[in-house]
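Enquirer: Before I ask anything, let me first share the structure, which is written out below as structure tokens.
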Amino acid sequence: MKNIEKLPKESNRDYAFRVIRENIIKLVLKPGTMLSEQDLADELELSRTPVHEALQELSKSKIVEVFPQKGSLVSLINLELVEEAVFVRATLESAITQQAAKAATEEDIKYLKENLELQEFLLKQNNVDKFMEMDNAFHEKMYAITNKMQCYYMVKAMNIHHDRFRELRVQGADRAPIIAHHKQILQAICDHDGDAAQKYTYEHITRTRIDAEEIRRKYPDYFA
């Protein structure tokens with residue numbers, strides 16, 4: 001499991017939750033993997049209690065299945081849950097990006113341009129982890145521009161199923177449309193064209209529906 005540095009003042013439970021969640025999204029803990037509380041606790045240098053609490057919390061989002069007295073399992077990817085997350089994110093974020101296009105300053109646009117240049121470079125280097133960080137930061141900026149960060153945290157919490165699918169898509173499908181869509185969104189923001197920004201964002205997020213069958217064929221063991 002890929003370890004992550006503990007944040008200042010972060011509780012053991014929150015730390016365990018964050019590390020396990022991140023490893024599930026990054027597919028280090030693959031769908032169908034059995035999880036041992038004791039093994040996780042040893043690896044994180046924690047007691048079992050915060051690990052147990054973290055797994056219980058993750059089970060609420062159905063990304064982990066807990067079997068009393070037996071252990072826990074990283075859930076297989078359920079495309080119905082992916083679709084629900086896509087629906088929420090596409091509906092909300094496309095509207096927020098519409099507002100961001102109208103409100104974006106020159107400094108905001110400069111940030112987005114530099115971010116997108118870095119995305120292209122990272123994909124050429126096949127640095128998927130860093131690319132996904134920049135991809136997420138690109139979208140997060142829309143919420144920051146419109147001062148709607150509570151919406152961002154709500155979407156992020158629900159989007160765990162979609163995020164895991166996005167990781168598979170970057171690893172196993174054509175990456176060119178991702179950059180192409182980001183360029184369309186950025187151009188709409190540069191033009192302060194809210195309607196175009198909303199349209200391109202919605203199309204970008206819902207592309208999951210196009211890629212789903214291709215990804216499922218490539219990774220059949222990962223899907224419910």
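For the structure tokens, the naming scheme is as follows: chains receive sequential letters (A, B, ...) according to their order of presentation, residues are indexed from 1 within each chain, and ligands are indexed from 1 in presentation order.
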Give me, as a ChimeraX atom specification, all polymer residues having an atom no more than 12 Å from Lys218 (chain A), counting only C-alpha atoms and skipping those fewer than 6 positions away in the same chain.

Expert: /A:168-169,171-173,211-212

Enquirer: Near region 95-106 of chain A, counting only C-alpha atoms, which residues have an atom at most 8 Å away, once you skip same-chain residues fewer than 5 positions from it, shown as number ranges by chain?

Expert: A: 142-143, 145-146, 188-198, 201

Enquirer: Output the selection as an mmCIF file, in the first residue's frame - C-alpha atoms for each residue.

Expert:
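What follows is the written file part_15.cif:
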data_model
loop_
_atom_site.group_PDB
_atom_site.id
_atom_site.type_symbol
_atom_site.label_atom_id
_atom_site.label_comp_id
_atom_site.auth_asym_id
_atom_site.auth_seq_id
_atom_site.Cartn_x
_atom_site.Cartn_y
_atom_site.Cartn_z
ATOM 1 C CA MET A 142 -13.974 26.214 -10.911
ATOM 2 C CA TYR A 143 -15.411 25.815 -7.414
ATOM 3 C CA ILE A 145 -13.485 30.847 -8.617
ATOM 4 C CA THR A 146 -17.187 30.781 -7.748
ATOM 5 C CA ALA A 188 -14.795 28.955 -23.169
ATOM 6 C CA ILE A 189 -13.494 30.446 -19.917
ATOM 7 C CA CYS A 190 -11.004 32.626 -21.809
ATOM 8 C CA ASP A 191 -13.950 33.852 -23.890
ATOM 9 C CA HIS A 192 -16.104 34.271 -20.757
ATOM 10 C CA ASP A 193 -18.690 32.141 -22.565
ATOM 11 C CA GLY A 194 -20.663 30.565 -19.756
ATOM 12 C CA ASP A 195 -22.992 28.511 -21.937
ATOM 13 C CA ALA A 196 -20.114 26.917 -23.857
ATOM 14 C CA ALA A 197 -18.237 26.202 -20.618
ATOM 15 C CA GLN A 198 -21.304 24.495 -19.191
ATOM 16 C CA THR A 201 -17.974 20.439 -18.915
#

Enquirer: Give the alpha helix (DSSP H) residues of region 49-181 of chain A, as assigned by DSSP on the backbone, as a ChimeraX atom specification.

Expert: /A:49-60,79-103,106-124,128-145,149-158,160-172,176-181

Enquirer: If you take only C-alpha atoms and a cut-off of 6 Å, which residues of region 62-121 of chain A touch region 29-37 of chain A, and what are their nearest atom pairs and distances in Å to one decimal, in chain and number order, as JSON lines?

Expert:
{"residue": "A:Gly71", "atom": "CA", "partner": "A:Ser36", "partner_atom": "CA", "distance": 5.9}
{"residue": "A:Ser72", "atom": "CA", "partner": "A:Leu35", "partner_atom": "CA", "distance": 5.0}
{"residue": "A:Leu73", "atom": "CA", "partner": "A:Met34", "partner_atom": "CA", "distance": 4.5}
{"residue": "A:Val74", "atom": "CA", "partner": "A:Gly32", "partner_atom": "CA", "distance": 5.1}
{"residue": "A:Ser75", "atom": "CA", "partner": "A:Pro31", "partner_atom": "CA", "distance": 5.5}
{"residue": "A:Leu76", "atom": "CA", "partner": "A:Pro31", "partner_atom": "CA", "distance": 4.7}

Enquirer: Write to file, as an mmCIF file, in the first residue's frame, the residues of the selection just made, with C-alpha atoms.

Expert:
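Saved result, selection.cif, follows:
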data_model
loop_
_atom_site.group_PDB
_atom_site.id
_atom_site.type_symbol
_atom_site.label_atom_id
_atom_site.label_comp_id
_atom_site.auth_asym_id
_atom_site.auth_seq_id
_atom_site.Cartn_x
_atom_site.Cartn_y
_atom_site.Cartn_z
ATOM 1 C CA GLY A 71 -12.624 -8.979 7.341
ATOM 2 C CA SER A 72 -13.308 -6.350 4.731
ATOM 3 C CA LEU A 73 -13.280 -6.287 0.953
ATOM 4 C CA VAL A 74 -12.565 -3.524 -1.550
ATOM 5 C CA SER A 75 -15.826 -3.427 -3.475
ATOM 6 C CA LEU A 76 -15.945 -4.282 -7.152
#

Enquirer: Per DSSP on the backbone, filter chain A down to the residues in strand (DSSP E or B) and report them as an NGL selection string.

Expert: :A and (34-35 or 64-67 or 71-74 or 77 or 223)

Enquirer: Once you have the residues from the selection above, write them out as a PDB file, in the first residue's frame, restricted to N, CA and C atoms.

Expert:
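selection37.pdb, freshly written:
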ATOM      1  N   MET A  34      -9.063  -8.369  -0.396  1.00  0.00           N
ATOM      2  CA  MET A  34      -9.429  -8.539   1.002  1.00  0.00           C
ATOM      3  C   MET A  34      -8.522  -7.668   1.863  1.00  0.00           C
ATOM      4  N   LEU A  35      -9.112  -7.053   2.885  1.00  0.00           N
ATOM      5  CA  LEU A  35      -8.382  -6.150   3.764  1.00  0.00           C
ATOM      6  C   LEU A  35      -8.366  -6.702   5.185  1.00  0.00           C
ATOM      7  N   VAL A  64     -16.187  -0.077   0.316  1.00  0.00           N
ATOM      8  CA  VAL A  64     -15.666  -1.200   1.097  1.00  0.00           C
ATOM      9  C   VAL A  64     -16.851  -1.987   1.632  1.00  0.00           C
ATOM     10  N   GLU A  65     -16.718  -3.295   1.604  1.00  0.00           N
ATOM     11  CA  GLU A  65     -17.722  -4.168   2.213  1.00  0.00           C
ATOM     12  C   GLU A  65     -17.116  -4.781   3.466  1.00  0.00           C
ATOM     13  N   VAL A  66     -17.815  -4.651   4.579  1.00  0.00           N
ATOM     14  CA  VAL A  66     -17.327  -5.171   5.853  1.00  0.00           C
ATOM     15  C   VAL A  66     -18.100  -6.433   6.209  1.00  0.00           C
ATOM     16  N   PHE A  67     -17.346  -7.505   6.492  1.00  0.00           N
ATOM     17  CA  PHE A  67     -17.944  -8.772   6.888  1.00  0.00           C
ATOM     18  C   PHE A  67     -17.516  -9.068   8.324  1.00  0.00           C
ATOM     19  N   GLY A  71     -13.495  -9.972   7.953  1.00  0.00           N
ATOM     20  CA  GLY A  71     -12.624  -8.979   7.341  1.00  0.00           C
ATOM     21  C   GLY A  71     -13.402  -8.043   6.430  1.00  0.00           C
ATOM     22  N   SER A  72     -12.693  -7.319   5.638  1.00  0.00           N
ATOM     23  CA  SER A  72     -13.308  -6.350   4.731  1.00  0.00           C
ATOM     24  C   SER A  72     -12.795  -6.573   3.311  1.00  0.00           C
ATOM     25  N   LEU A  73     -13.566  -6.074   2.366  1.00  0.00           N
ATOM     26  CA  LEU A  73     -13.280  -6.287   0.953  1.00  0.00           C
ATOM     27  C   LEU A  73     -13.399  -4.966   0.216  1.00  0.00           C
ATOM     28  N   VAL A  74     -12.427  -4.669  -0.659  1.00  0.00           N
ATOM     29  CA  VAL A  74     -12.565  -3.524  -1.550  1.00  0.00           C
ATOM     30  C   VAL A  74     -13.637  -3.877  -2.579  1.00  0.00           C
ATOM     31  N   ILE A  77     -16.220  -2.562  -8.831  1.00  0.00           N
ATOM     32  CA  ILE A  77     -16.776  -1.332  -9.394  1.00  0.00           C
ATOM     33  C   ILE A  77     -18.203  -1.590  -9.865  1.00  0.00           C
ATOM     34  N   PHE A 223     -15.099  -5.452 -12.107  1.00  0.00           N
ATOM     35  CA  PHE A 223     -16.483  -4.952 -12.135  1.00  0.00           C
ATOM     36  C   PHE A 223     -17.464  -5.953 -11.542  1.00  0.00           C
TER      37      PHE A 223
END

Enquirer: Using only C-alpha atoms, I'd like a table of the residues in region 133-198 of chain A that come within 10 Å of region 112-128 of chain A; for each, show the closest atom pair and its distance in Å rounded to one decimal, ordered by chain and ascending number, as a Markdown table.

Expert:
| residue | atom | partner | partner_atom | distance |
| --- | --- | --- | --- | --- |
| A:Glu133 | CA | A:Val128 | CA | 8.6 |
| A:Met134 | CA | A:Gln119 | CA | 6.1 |
| A:Asp135 | CA | A:Gln119 | CA | 6.9 |
| A:Ala137 | CA | A:Asn115 | CA | 8.0 |
| A:Phe138 | CA | A:Leu112 | CA | 6.4 |
| A:His139 | CA | A:Leu112 | CA | 9.3 |
| A:Lys141 | CA | A:Leu112 | CA | 7.9 |
| A:Met142 | CA | A:Leu112 | CA | 9.6 |
| A:Glu167 | CA | A:Val128 | CA | 8.2 |
| A:Val170 | CA | A:Val128 | CA | 7.2 |
| A:Gln171 | CA | A:Val128 | CA | 7.5 |
| A:Arg175 | CA | A:Leu123 | CA | 8.2 |
| A:Ala176 | CA | A:Leu123 | CA | 9.4 |
| A:Ile178 | CA | A:Gln119 | CA | 9.8 |
| A:Ile179 | CA | A:Glu120 | CA | 7.1 |
| A:His182 | CA | A:Leu116 | CA | 7.4 |
| A:Lys183 | CA | A:Leu116 | CA | 7.7 |
| A:Ile185 | CA | A:Leu112 | CA | 10.0 |
| A:Leu186 | CA | A:Leu112 | CA | 7.1 |
| A:Gln187 | CA | A:Lys113 | CA | 9.6 |
| A:Ile189 | CA | A:Leu112 | CA | 9.4 |
| A:Cys190 | CA | A:Lys113 | CA | 9.6 |

Enquirer: Can you pull out the residues contacting Ser61 (chain A)? Cut-off 10 Å, using only C-alpha atoms, and skip same-chain residues under 2 positions away; I want them as a ChimeraX atom specification.

Expert: /A:56-59,63-65,81,157-161

Enquirer: Those selected residues, please, written with C-alpha atoms and delivered as an mmCIF file, in the first residue's frame.

Expert:
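Result file is selection31.cif:
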data_model
loop_
_atom_site.group_PDB
_atom_site.id
_atom_site.type_symbol
_atom_site.label_atom_id
_atom_site.label_comp_id
_atom_site.auth_asym_id
_atom_site.auth_seq_id
_atom_site.Cartn_x
_atom_site.Cartn_y
_atom_site.Cartn_z
ATOM 1 C CA GLN A 56 -16.694 1.390 8.748
ATOM 2 C CA GLU A 57 -16.872 4.936 7.378
ATOM 3 C CA LEU A 58 -15.746 3.808 3.919
ATOM 4 C CA SER A 59 -18.403 1.117 3.932
ATOM 5 C CA ILE A 63 -16.501 1.370 -1.610
ATOM 6 C CA VAL A 64 -15.666 -1.200 1.097
ATOM 7 C CA GLU A 65 -17.722 -4.168 2.213
ATOM 8 C CA LEU A 81 -22.923 3.845 -8.514
ATOM 9 C CA ALA A 157 -17.120 12.687 -1.073
ATOM 10 C CA MET A 158 -19.682 11.141 -3.420
ATOM 11 C CA ASN A 159 -17.363 10.901 -6.403
ATOM 12 C CA ILE A 160 -15.189 8.079 -5.046
ATOM 13 C CA HIS A 161 -16.788 5.525 -7.392
#

Enquirer: Taking into account only C-alpha atoms, which residue in the set A:His162, A:His52, A:Lys130, A:Lys199 is nearest to Thr91 (chain A)?

Expert: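 So, comparing all the options, the nearest one is A:Lys199.
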
Enquirer: With only C-alpha atoms as the basis for distance, which of A:Asn136, A:Val82, A:Leu92, A:Lys70 is at the shortest distance from Arg207 (chain A)?

Expert: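 Selected residue with least distance to Arg207 (chain A): A:Val82.
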